[in-house]
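Asker: File final38.cif follows (mmCIF, C-alpha atoms):
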```cif
data_work
#
loop_
_atom_site.label_atom_id
_atom_site.label_comp_id
_atom_site.auth_asym_id
_atom_site.auth_seq_id
_atom_site.Cartn_x
_atom_site.Cartn_y
_atom_site.Cartn_z
CA MET O 11 122.09 98.13 120.64
CA GLN O 12 118.52 97.11 119.87
CA SER O 13 117.36 93.68 121.06
CA ALA O 14 115.51 91.23 118.83
CA VAL O 15 112.22 92.27 120.47
CA ASN O 16 112.88 95.93 119.74
CA LEU O 17 113.83 95.17 116.14
CA ARG O 18 110.56 93.30 115.61
CA LYS O 19 108.69 96.19 117.21
CA ASP O 20 110.56 98.55 114.87
CA ILE O 21 109.43 96.52 111.85
CA ARG O 22 105.82 96.59 113.04
CA SER O 23 105.92 100.34 113.67
CA LEU O 24 107.19 100.90 110.12
CA THR O 25 104.94 98.34 108.48
CA PHE O 26 101.59 99.63 109.71
CA PRO O 27 101.82 103.18 108.29
CA ILE O 28 103.29 101.83 105.03
CA PHE O 29 100.42 99.32 104.89
CA ILE O 30 97.82 102.06 105.33
CA GLU O 31 99.52 104.19 102.67
CA LEU O 32 99.76 101.38 100.10
CA LEU O 33 96.26 100.18 100.95
CA LEU O 34 94.94 103.67 100.21
CA VAL O 35 97.00 103.96 97.01
CA ASN O 36 95.70 100.62 95.75
CA LEU O 37 92.22 101.44 96.97
CA MET O 38 92.42 104.49 94.73
CA GLY O 39 93.03 102.23 91.73
CA ALA O 40 90.35 99.79 92.88
CA THR O 41 87.90 102.67 93.31
CA ASP O 42 88.59 103.75 89.73
CA THR O 43 87.94 100.17 88.57
CA PHE O 44 84.74 99.83 90.62
CA MET O 45 83.30 103.18 89.50
CA LEU O 46 84.20 102.54 85.86
CA SER O 47 82.65 99.06 86.11
CA GLN O 48 79.33 100.83 86.75
CA TYR O 49 79.98 102.78 83.57
CA SER O 50 81.23 100.01 81.21
CA ASP O 51 83.15 96.70 81.32
CA ASP O 52 84.92 97.78 78.13
CA ALA O 53 86.09 100.95 79.86
CA VAL O 54 87.62 98.83 82.66
CA ALA O 55 89.54 96.70 80.14
CA ALA O 56 90.81 99.71 78.16
CA VAL O 57 91.86 101.71 81.22
CA GLY O 58 93.59 98.59 82.59
CA VAL O 59 95.75 98.35 79.47
CA ALA O 60 96.53 102.09 79.54
CA ASN O 61 97.43 101.91 83.22
CA GLN O 62 99.86 99.06 82.59
CA LEU O 63 101.78 101.29 80.19
CA ILE O 64 101.64 104.24 82.60
CA VAL O 65 102.85 102.14 85.55
CA PHE O 66 105.61 100.69 83.37
CA ALA O 67 106.78 104.21 82.46
CA PHE O 68 106.68 105.22 86.13
CA LEU O 69 109.27 102.52 86.83
CA ILE O 70 111.86 104.89 85.35
CA PHE O 71 111.48 106.88 88.58
CA GLN O 72 112.31 103.75 90.57
CA ILE O 73 115.86 103.85 89.22
CA ILE O 74 116.41 106.82 91.51
CA ASN O 75 113.97 105.92 94.27
CA ILE O 76 115.43 102.47 94.96
CA GLY O 77 118.88 104.00 95.28
CA THR O 78 117.46 106.76 97.49
CA THR O 79 115.88 104.34 99.96
CA VAL O 80 118.93 102.05 100.18
CA MET O 81 121.54 104.82 100.45
CA CYS O 82 119.55 106.98 102.87
CA SER O 83 118.89 103.99 105.15
CA GLN O 84 122.54 102.95 105.27
CA TYR O 85 123.82 106.52 105.68
CA LEU O 86 121.41 107.16 108.55
CA GLY O 87 122.41 103.85 110.15
CA ALA O 88 126.05 104.97 109.96
CA GLY O 89 125.18 108.42 111.37
CA HIS O 90 125.87 110.44 108.17
CA ARG O 91 122.80 112.69 107.92
CA ASP O 92 124.55 115.20 105.67
CA LYS O 93 125.13 112.41 103.12
CA MET O 94 121.44 111.48 103.31
CA GLU O 95 120.50 115.08 102.47
CA GLN O 96 122.81 115.11 99.46
CA VAL O 97 121.29 111.86 98.18
CA THR O 98 117.78 113.29 98.52
CA ALA O 99 118.77 116.48 96.70
CA MET O 100 120.26 114.54 93.80
CA ALA O 101 117.21 112.27 93.62
CA LEU O 102 114.82 115.22 93.42
CA MET O 103 116.78 116.80 90.60
CA LEU O 104 117.09 113.60 88.55
CA ASN O 105 113.46 112.57 88.93
CA THR O 106 112.15 116.04 88.10
CA VAL O 107 113.90 115.84 84.72
CA SER O 108 112.71 112.24 84.25
CA GLY O 109 109.14 113.21 85.16
CA ILE O 110 108.99 115.91 82.51
CA ILE O 111 110.28 113.54 79.82
CA VAL O 112 107.89 110.73 80.77
CA SER O 113 104.92 113.12 80.84
CA VAL O 114 105.61 114.21 77.27
CA VAL O 115 106.18 110.67 75.97
CA LEU O 116 103.02 109.21 77.54
CA SER O 117 100.79 112.04 76.40
CA ALA O 118 102.11 112.47 72.86
CA GLY O 119 102.82 108.79 72.22
CA ALA O 120 99.55 107.38 73.59
CA PRO O 121 98.03 106.36 70.21
CA VAL O 122 101.16 104.51 69.10
CA LEU O 123 101.75 102.80 72.46
CA LEU O 124 98.16 101.56 72.75
CA ARG O 125 98.29 100.23 69.18
CA TRP O 126 101.46 98.33 70.07
CA MET O 127 99.49 96.73 72.91
CA GLY O 128 96.94 95.51 70.38
CA LEU O 129 94.07 97.51 71.89
CA LYS O 130 91.03 97.01 69.68
CA ASP O 131 89.21 99.92 68.02
CA ASP O 132 86.13 99.55 70.23
CA LEU O 133 88.35 99.94 73.33
CA MET O 134 90.58 102.70 71.94
CA GLN O 135 87.85 105.30 72.52
CA TYR O 136 88.28 104.68 76.26
CA GLY O 137 92.01 103.96 76.54
CA LEU O 138 93.34 106.88 74.48
CA PRO O 139 91.88 109.87 76.38
CA TYR O 140 92.65 108.23 79.73
CA MET O 141 96.31 107.69 78.87
CA GLN O 142 96.75 111.17 77.37
CA ILE O 143 95.36 112.92 80.46
CA ALA O 144 96.75 110.68 83.23
CA GLY O 145 100.12 110.22 81.50
CA SER O 146 100.69 113.95 81.10
CA CYS O 147 100.87 114.34 84.90
CA ALA O 148 103.74 111.88 85.45
CA ILE O 149 105.91 114.69 86.82
CA PHE O 150 103.75 114.82 89.96
CA GLN O 151 104.15 111.10 90.54
CA SER O 152 107.93 111.35 90.18
CA LEU O 153 108.14 113.97 92.94
CA HIS O 154 105.69 112.06 95.14
CA LEU O 155 107.71 108.83 94.96
CA THR O 156 111.06 110.54 95.53
CA VAL O 157 110.02 112.44 98.66
CA SER O 158 108.27 109.34 100.06
CA ALA O 159 111.44 107.26 99.59
CA SER O 160 113.54 109.71 101.62
CA LEU O 161 110.93 110.09 104.37
CA ARG O 162 110.59 106.31 104.79
CA ALA O 163 114.34 105.83 105.08
CA ASP O 164 114.28 108.23 108.06
CA HIS O 165 111.39 106.29 109.70
CA LYS O 166 108.98 109.15 108.89
CA VAL O 167 106.45 106.80 107.37
CA LYS O 168 103.37 108.49 108.84
CA TYR O 169 103.61 111.48 106.50
CA PRO O 170 103.18 109.54 103.22
CA MET O 171 100.35 107.64 104.91
CA MET O 172 98.47 110.85 105.80
CA VAL O 173 98.99 112.25 102.31
CA ALA O 174 97.65 109.03 100.78
CA LEU O 175 94.55 109.34 102.98
CA MET O 176 93.88 112.90 101.82
CA THR O 177 94.51 112.22 98.14
CA ASN O 178 92.28 109.15 98.28
CA PHE O 179 89.38 111.37 99.26
CA VAL O 180 90.29 113.78 96.46
CA ASN O 181 90.29 110.91 93.93
CA ILE O 182 86.99 109.41 95.10
CA ALA O 183 85.29 112.81 95.08
CA GLY O 184 86.76 113.57 91.66
CA ASN O 185 85.54 110.23 90.26
CA TYR O 186 82.06 110.85 91.62
CA ILE O 187 81.92 114.33 90.12
CA PHE O 188 83.62 113.81 86.77
CA ILE O 189 82.75 110.21 85.77
CA PHE O 190 79.01 110.45 86.41
CA GLY O 191 78.49 114.21 86.15
CA HIS O 192 77.55 115.58 89.56
CA CYS O 193 77.82 119.02 91.16
CA GLY O 194 77.00 120.72 87.89
CA MET O 195 79.75 118.96 85.91
CA PRO O 196 79.11 116.99 82.69
CA ALA O 197 79.43 113.17 82.79
CA LEU O 198 82.90 112.60 81.32
CA GLY O 199 83.24 108.86 81.87
CA VAL O 200 86.81 107.63 81.37
CA GLU O 201 88.12 111.17 80.86
CA GLY O 202 86.63 112.08 84.23
CA ALA O 203 88.52 109.22 85.92
CA ALA O 204 91.76 110.45 84.35
CA ILE O 205 91.13 114.02 85.54
CA ALA O 206 90.44 112.83 89.10
CA THR O 207 93.62 110.72 89.11
CA SER O 208 95.72 113.62 87.81
CA VAL O 209 94.36 116.09 90.37
CA SER O 210 95.01 113.66 93.23
CA ARG O 211 98.62 113.13 92.08
CA PHE O 212 99.16 116.89 91.94
CA VAL O 213 97.79 117.32 95.47
CA ALA O 214 100.02 114.48 96.77
CA ALA O 215 103.16 116.00 95.22
CA VAL O 216 102.50 119.46 96.68
CA LEU O 217 101.70 118.16 100.17
CA LEU O 218 104.74 115.87 100.33
CA PHE O 219 107.12 118.58 99.13
CA CYS O 220 105.82 120.90 101.85
CA ILE O 221 106.35 118.12 104.42
CA LEU O 222 109.88 117.54 103.11
CA LEU O 223 110.85 121.17 103.74
CA ARG O 224 109.04 121.51 107.05
CA CYS O 225 109.71 118.17 108.78
CA HIS O 226 112.60 116.44 107.05
CA ILE O 227 115.13 118.65 105.27
CA PRO O 228 114.73 122.44 105.73
CA LEU O 229 115.08 124.55 102.60
CA HIS O 230 118.46 126.02 103.62
CA ARG O 231 119.91 122.52 104.14
CA LEU O 232 118.51 121.31 100.83
CA VAL O 233 120.11 124.29 99.07
CA ARG O 234 123.37 123.64 100.92
CA ALA O 235 123.29 120.02 99.71
CA TYR O 236 123.28 121.28 96.11
CA ARG O 237 126.29 123.50 96.90
CA ALA O 238 128.50 120.56 97.87
CA PRO O 239 131.65 120.04 95.75
CA MET O 240 130.79 118.84 92.25
CA LYS O 241 133.00 115.78 92.64
CA GLN O 242 131.08 114.75 95.76
CA LEU O 243 127.67 115.28 94.13
CA ALA O 244 128.77 113.31 91.07
CA SER O 245 129.87 110.48 93.34
CA GLU O 246 126.48 110.34 95.07
CA MET O 247 124.69 110.51 91.72
CA GLY O 248 126.80 107.63 90.43
CA LYS O 249 125.93 105.52 93.48
CA LEU O 250 122.23 106.29 93.04
CA LEU O 251 122.30 105.10 89.46
CA ARG O 252 124.51 102.09 90.18
CA ILE O 253 122.15 100.90 92.92
CA GLY O 254 118.90 101.90 91.25
CA MET O 255 119.43 100.60 87.72
CA PRO O 256 119.59 96.87 88.59
CA GLY O 257 116.68 97.20 91.03
CA ALA O 258 114.53 99.19 88.62
CA GLY O 259 115.65 96.90 85.80
CA GLU O 260 114.15 93.90 87.60
CA ASN O 261 110.93 95.85 88.23
CA MET O 262 110.81 96.96 84.60
CA SER O 263 111.35 93.40 83.45
CA PHE O 264 108.49 92.19 85.64
CA ASN O 265 106.13 94.89 84.40
CA ALA O 266 107.23 94.36 80.79
CA GLN O 267 106.41 90.69 81.35
CA GLN O 268 102.93 91.70 82.52
CA VAL O 269 102.50 93.94 79.46
CA VAL O 270 103.41 91.06 77.12
CA LEU O 271 101.11 88.66 78.97
CA THR O 272 98.33 91.24 78.67
CA TYR O 273 99.00 91.29 74.94
CA PHE O 274 98.57 87.51 74.85
CA ILE O 275 95.39 87.70 76.94
CA ASN O 276 94.04 90.36 74.60
CA MET O 277 94.09 87.65 71.90
CA LEU O 278 91.67 85.60 74.01
CA GLY O 279 88.90 88.23 73.80
CA ASN O 280 87.45 91.10 75.80
CA GLU O 281 86.00 88.82 78.50
CA ALA O 282 89.40 87.28 79.31
CA LEU O 283 91.04 90.72 79.29
CA THR O 284 88.39 92.20 81.61
CA ALA O 285 88.55 89.18 83.95
CA ARG O 286 92.32 89.57 84.11
CA MET O 287 91.99 93.25 85.06
CA TYR O 288 89.48 92.46 87.82
CA VAL O 289 91.64 89.62 89.19
CA VAL O 290 94.75 91.81 89.24
CA ASN O 291 92.90 94.47 91.24
CA ILE O 292 91.61 91.89 93.72
CA VAL O 293 94.86 89.97 94.30
CA THR O 294 96.77 93.21 94.79
CA PHE O 295 95.15 93.32 98.21
CA ALA O 296 96.49 89.83 98.93
CA TYR O 297 100.17 90.77 98.63
CA ILE O 298 99.98 94.41 99.66
CA PHE O 299 100.85 93.52 103.27
CA CYS O 300 103.86 91.57 102.00
CA ILE O 301 105.12 94.70 100.23
CA CYS O 302 104.69 96.71 103.44
CA ILE O 303 106.57 94.14 105.56
CA ALA O 304 109.30 93.98 102.91
CA GLN O 305 109.68 97.77 102.80
CA GLY O 306 109.69 98.10 106.60
CA THR O 307 112.15 95.23 107.00
CA GLY O 308 114.32 96.67 104.24
CA ILE O 309 114.60 100.00 106.09
CA VAL O 310 115.49 98.23 109.36
CA ILE O 311 118.07 96.03 107.62
CA GLY O 312 119.55 99.05 105.83
CA HIS O 313 120.14 100.72 109.21
CA LEU O 314 121.56 97.49 110.67
CA ILE O 315 123.94 97.01 107.73
CA GLY O 316 125.08 100.63 108.02
CA ASN O 317 125.89 99.83 111.65
CA HIS O 318 127.60 96.50 110.66
CA ARG O 319 125.04 94.31 112.48
CA TYR O 320 124.86 91.40 110.03
CA ARG O 321 123.71 88.63 112.36
CA ALA O 322 120.74 90.72 113.53
CA SER O 323 119.86 91.43 109.88
CA TYR O 324 119.85 87.69 109.10
CA LYS O 325 117.47 86.84 111.95
CA VAL O 326 115.15 89.76 111.22
CA GLY O 327 114.93 88.61 107.59
CA TRP O 328 113.69 85.14 108.54
CA TYR O 329 111.18 86.46 111.07
CA ALA O 330 109.62 88.93 108.63
CA LEU O 331 109.51 86.45 105.71
CA ARG O 332 107.35 83.99 107.66
CA LEU O 333 104.96 86.79 108.57
CA ALA O 334 104.75 88.07 104.97
CA VAL O 335 104.04 84.67 103.41
CA LEU O 336 101.50 83.65 106.06
CA ILE O 337 99.40 86.81 105.66
CA THR O 338 99.59 86.88 101.85
CA VAL O 339 98.53 83.26 101.38
CA GLY O 340 95.81 83.62 103.99
CA MET O 341 94.33 86.60 102.14
CA SER O 342 94.53 84.72 98.82
CA VAL O 343 92.52 81.82 100.27
CA LEU O 344 89.91 84.27 101.57
CA TYR O 345 89.52 85.97 98.17
CA ALA O 346 89.21 82.61 96.41
CA CYS O 347 86.43 81.59 98.82
CA ILE O 348 84.41 84.77 98.26
CA GLY O 349 85.38 85.23 94.60
CA LYS O 350 81.83 84.93 93.27
CA GLN O 351 80.60 87.65 95.62
CA LEU O 352 83.53 89.94 94.74
CA PHE O 353 82.98 89.57 91.00
CA GLY O 354 79.26 90.05 91.51
CA LEU O 355 80.00 93.56 92.75
CA LEU O 356 82.00 94.34 89.61
CA THR O 357 80.10 92.79 86.69
CA ASP O 358 76.94 90.90 85.74
CA ASN O 359 78.67 89.02 82.90
CA PRO O 360 78.54 85.30 83.93
CA GLU O 361 81.50 84.37 81.70
CA ILE O 362 83.74 86.96 83.39
CA VAL O 363 82.57 85.86 86.85
CA ALA O 364 83.23 82.15 86.21
CA LEU O 365 86.64 82.77 84.63
CA GLY O 366 87.72 85.16 87.37
CA CYS O 367 86.73 82.76 90.17
CA THR O 368 88.78 79.95 88.60
CA VAL O 369 91.84 82.18 88.28
CA LEU O 370 91.52 83.28 91.92
CA MET O 371 91.78 79.62 92.97
CA ILE O 372 94.95 79.14 90.89
CA ASP O 373 96.37 82.38 92.27
CA ILE O 374 96.66 80.94 95.80
CA VAL O 375 99.73 78.97 94.68
CA VAL O 376 101.08 81.95 92.73
CA GLU O 377 101.05 84.10 95.88
CA MET O 378 103.19 81.57 97.79
CA GLY O 379 106.07 82.24 95.43
CA LYS O 380 105.28 85.89 94.76
CA SER O 381 105.31 86.87 98.44
CA THR O 382 108.78 85.32 98.84
CA ASN O 383 110.03 87.11 95.73
CA ILE O 384 108.65 90.49 96.75
CA PHE O 385 110.11 90.19 100.24
CA TYR O 386 113.64 89.14 99.30
CA THR O 387 113.86 91.53 96.37
CA TYR O 388 113.38 94.48 98.77
CA VAL O 389 115.49 93.03 101.57
CA LEU O 390 118.47 91.94 99.45
CA ARG O 391 118.62 95.38 97.84
CA SER O 392 118.56 97.05 101.24
CA ALA O 393 121.47 94.88 102.33
CA GLY O 394 123.42 95.99 99.25
CA ASP O 395 122.97 92.79 97.21
CA ILE O 396 121.60 94.83 94.32
CA TYR O 397 122.54 92.64 91.35
CA PHE O 398 121.29 89.21 92.44
CA PRO O 399 117.51 89.88 92.11
CA PHE O 400 118.19 91.41 88.68
CA ILE O 401 120.36 88.53 87.42
CA ILE O 402 117.92 85.87 88.67
CA GLY O 403 114.68 87.66 87.92
CA ILE O 404 114.96 88.56 84.24
CA PRO O 405 115.74 85.19 82.60
CA ILE O 406 113.18 83.28 84.67
CA GLN O 407 110.47 85.90 84.13
CA TRP O 408 110.87 85.73 80.37
CA VAL O 409 111.73 82.08 79.75
CA VAL O 410 109.25 80.65 82.24
CA GLY O 411 106.67 83.40 82.80
CA VAL O 412 106.33 84.68 79.23
CA GLY O 413 107.40 81.55 77.32
CA MET O 414 105.22 79.16 79.29
CA GLY O 415 102.47 81.78 79.44
CA TRP O 416 102.23 81.76 75.65
CA LEU O 417 102.56 77.96 75.48
CA PHE O 418 99.90 77.22 78.09
CA GLY O 419 97.56 80.11 77.33
CA ILE O 420 97.72 80.38 73.53
CA GLY O 421 99.63 77.38 72.16
CA LEU O 422 97.81 74.67 74.14
CA GLY O 423 94.58 76.67 74.29
CA TRP O 424 94.27 76.71 78.09
CA GLY O 425 93.29 80.38 77.99
CA LEU O 426 93.61 82.72 80.98
CA GLU O 427 93.96 79.77 83.37
CA GLY O 428 97.01 78.60 81.41
CA VAL O 429 98.71 81.99 81.75
CA TRP O 430 98.21 81.81 85.52
CA CYS O 431 99.66 78.27 85.62
CA ALA O 432 102.82 79.63 83.98
CA LEU O 433 103.01 82.30 86.70
CA ILE O 434 103.04 79.52 89.32
CA LEU O 435 106.24 78.11 87.82
CA ASP O 436 107.80 81.58 87.41
CA GLU O 437 107.13 82.80 90.97
CA CYS O 438 107.91 79.54 92.80
CA ILE O 439 111.22 78.92 91.01
CA ARG O 440 112.45 82.43 91.78
CA GLY O 441 111.19 82.20 95.37
CA SER O 442 113.18 79.01 96.00
CA ILE O 443 116.36 80.63 94.66
CA PHE O 444 115.91 83.71 96.88
CA ILE O 445 115.51 81.54 99.99
CA TRP O 446 118.79 79.80 99.11
CA ARG O 447 120.51 83.18 98.67
CA TRP O 448 119.44 84.40 102.10
CA LYS O 449 120.57 81.15 103.74
CA SER O 450 123.97 81.39 102.03
CA LYS O 451 124.69 84.75 103.74
CA ARG O 452 126.67 85.91 100.71
CA TRP O 453 124.69 89.16 100.76
CA MET O 454 126.59 90.10 103.97
CA GLN O 455 129.60 91.02 101.81
CA LYS O 456 127.65 93.54 99.71
CA ALA O 457 127.33 96.58 102.03
CA LEU O 458 127.43 99.82 100.04
CA ILE O 459 129.05 102.23 102.54
#
```
Output the file's structure as structure tokens, nothing else.
Answerer:
Amino acid sequence: MQSAVNLRKDIRSLTFPIFIELLLVNLMGATDTFMLSQYSDDAVAAVGVANQLIVFAFLIFQIINIGTTVMCSQYLGAGHRDKMEQVTAMALMLNTVSGIIVSVVLSAGAPVLLRWMGLKDDLMQYGLPYMQIAGSCAIFQSLHLTVSASLRADHKVKYPMMVALMTNFVNIAGNYIFIFGHCGMPALGVEGAAIATSVSRFVAAVLLFCILLRCHIPLHRLVRAYRAPMKQLASEMGKLLRIGMPGAGENMSFNAQQVVLTYFINMLGNEALTARMYVVNIVTFAYIFCICIAQGTGIVIGHLIGNHRYRASYKVGWYALRLAVLITVGMSVLYACIGKQLFGLLTDNPEIVALGCTVLMIDIVVEMGKSTNIFYTYVLRSAGDIYFPFIIGIPIQWVVGVGMGWLFGIGLGWGLEGVWCALILDECIRGSIFIWRWKSKRWMQKALI
């Protein structure tokens, strides 16, 4: 059996490649924001709203991917590789169908969806073409996420990292060529950013599928997984959905909360909306390491639970939480200290700079609770406690996060700062409850296999 030292080493070996991958993925979004900021502040605001809808739609894929990660980790921990292959096969099939449906809905429904978000006419010229182009390629993102989930569960985290590195270069080059019109191409602005994003997602999906067949599950074994008895396949599909729906439901609730808060912020004017988009892109790099630690720890705990090592899981959870919170809050303090310089790189509008710097200061407290929530949401799911984050998350997100967000931001007239104050209450209340849940050890009775 692995010692505590080896388990910590295992977490670090998983966390670093996941960190590089997620850093590159988020850098891709930040690069889009930075390059578009040189084009127009209005373009940044419009694309930010469109991307919120796209990311929200992509959460449909997480229904399958959450179940894939949890089940594959526990099956591999228990030594059932054939079961892991069946789960991956079912996940690929389900998310391919979902990807086609989402692509059609995002592309065809873009005008209606953006109107629902309250996007103003002067911003619609930027948001509509971006959403139609980028949304139509959702199928590639569905395959990318599914293959990555299976690879991570088998500790093959370096492959998604290398693919993210390659596609990041594709996206940056595409932005340079298509947004500003280089290499003989016309300057397409926002449409160019959407084309670059779509091409990079296509490249990522193709590369990861090739890696899946060559290094993870050979084609003949994948085909054999589909030939398993129908009753057995239906059972695995049922488990995927039963695990994934609560997990994805909590994620969908959180992102729906962000969509509604964006709608409120849109009432405050274009400056507040643009400042919010810049802040979101900056603070993402504060909690990205927390997500990586949570994902790595979740994989380790999934293997430990599959092997019935509950005490080791409990200790690993405490060790990794301290690390996640310390790094996240430290990064938040750093960004708050250099906020003026960061915003100076993005815009020359003094109102946006001043508002963004104030929100970055408030966000330090938000990240204390958010890092705890992110960590325990991943870890509790991996242990099989799939319903608790869902049951706790949704009412607090909407009563406290949305309700207080409207009260502070719109009702009392505190503006964007008021919305962020509501997020402090939302994140810190949920974080305290998750700490209690881990201490109670009730999650030890929730193993899935």
Asker: Between O:Arg319, O:Lys380, O:His90, O:Lys451, single out the one closest to O:Leu17, counting only C-alpha atoms.
Answerer: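 Ranking O:Arg319, O:Lys380, O:His90, O:Lys451 by distance to O:Leu17, first place goes to O:Arg319.
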Asker: Each side padded by 6 Å, which centre and which edge lengths in Å (one decimal) define the axis-aligned box around the listed atoms of stretch 85-88 of chain O? Give them as lines of an AutoDock Vina configuration file.
Answerer:
```
center_x = 123.7
center_y = 105.5
center_z = 107.9
size_x = 16.6
size_y = 15.3
size_z = 16.5
```
Asker: Could you please determine the separation between atom CA of O:Ala258 and atom CA of O:Ile70 in Å, to one decimal place?
Answerer: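 That distance, rounded to one decimal, is 7.1 Å.
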Asker: Would you translate the PyMOL selection byres ((chain O and resi 75) around 9) into the concrete set of residues it matches in this file, as a list in words?
Answerer: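 Selected by the PyMOL selection byres ((chain O and resi 75) around 9) in this file: Phe71, Gln72, Ile73, Ile74, Ile76, Gly77, Thr78, Thr79, Val80, Ala101, Asn105, Leu155, Thr156, Val157, Ser158, Ala159, Ser160, Leu250, Gly254 and Ala258 of chain O.
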Asker: Rank nothing, just name the residue among O:Leu223, O:Met141, O:Cys300, O:Ala174 nearest to O:Val35, using all atoms listed in the file.
Answerer: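 Looking only at the distances to O:Val35, the closest residue turns out to be O:Ala174.
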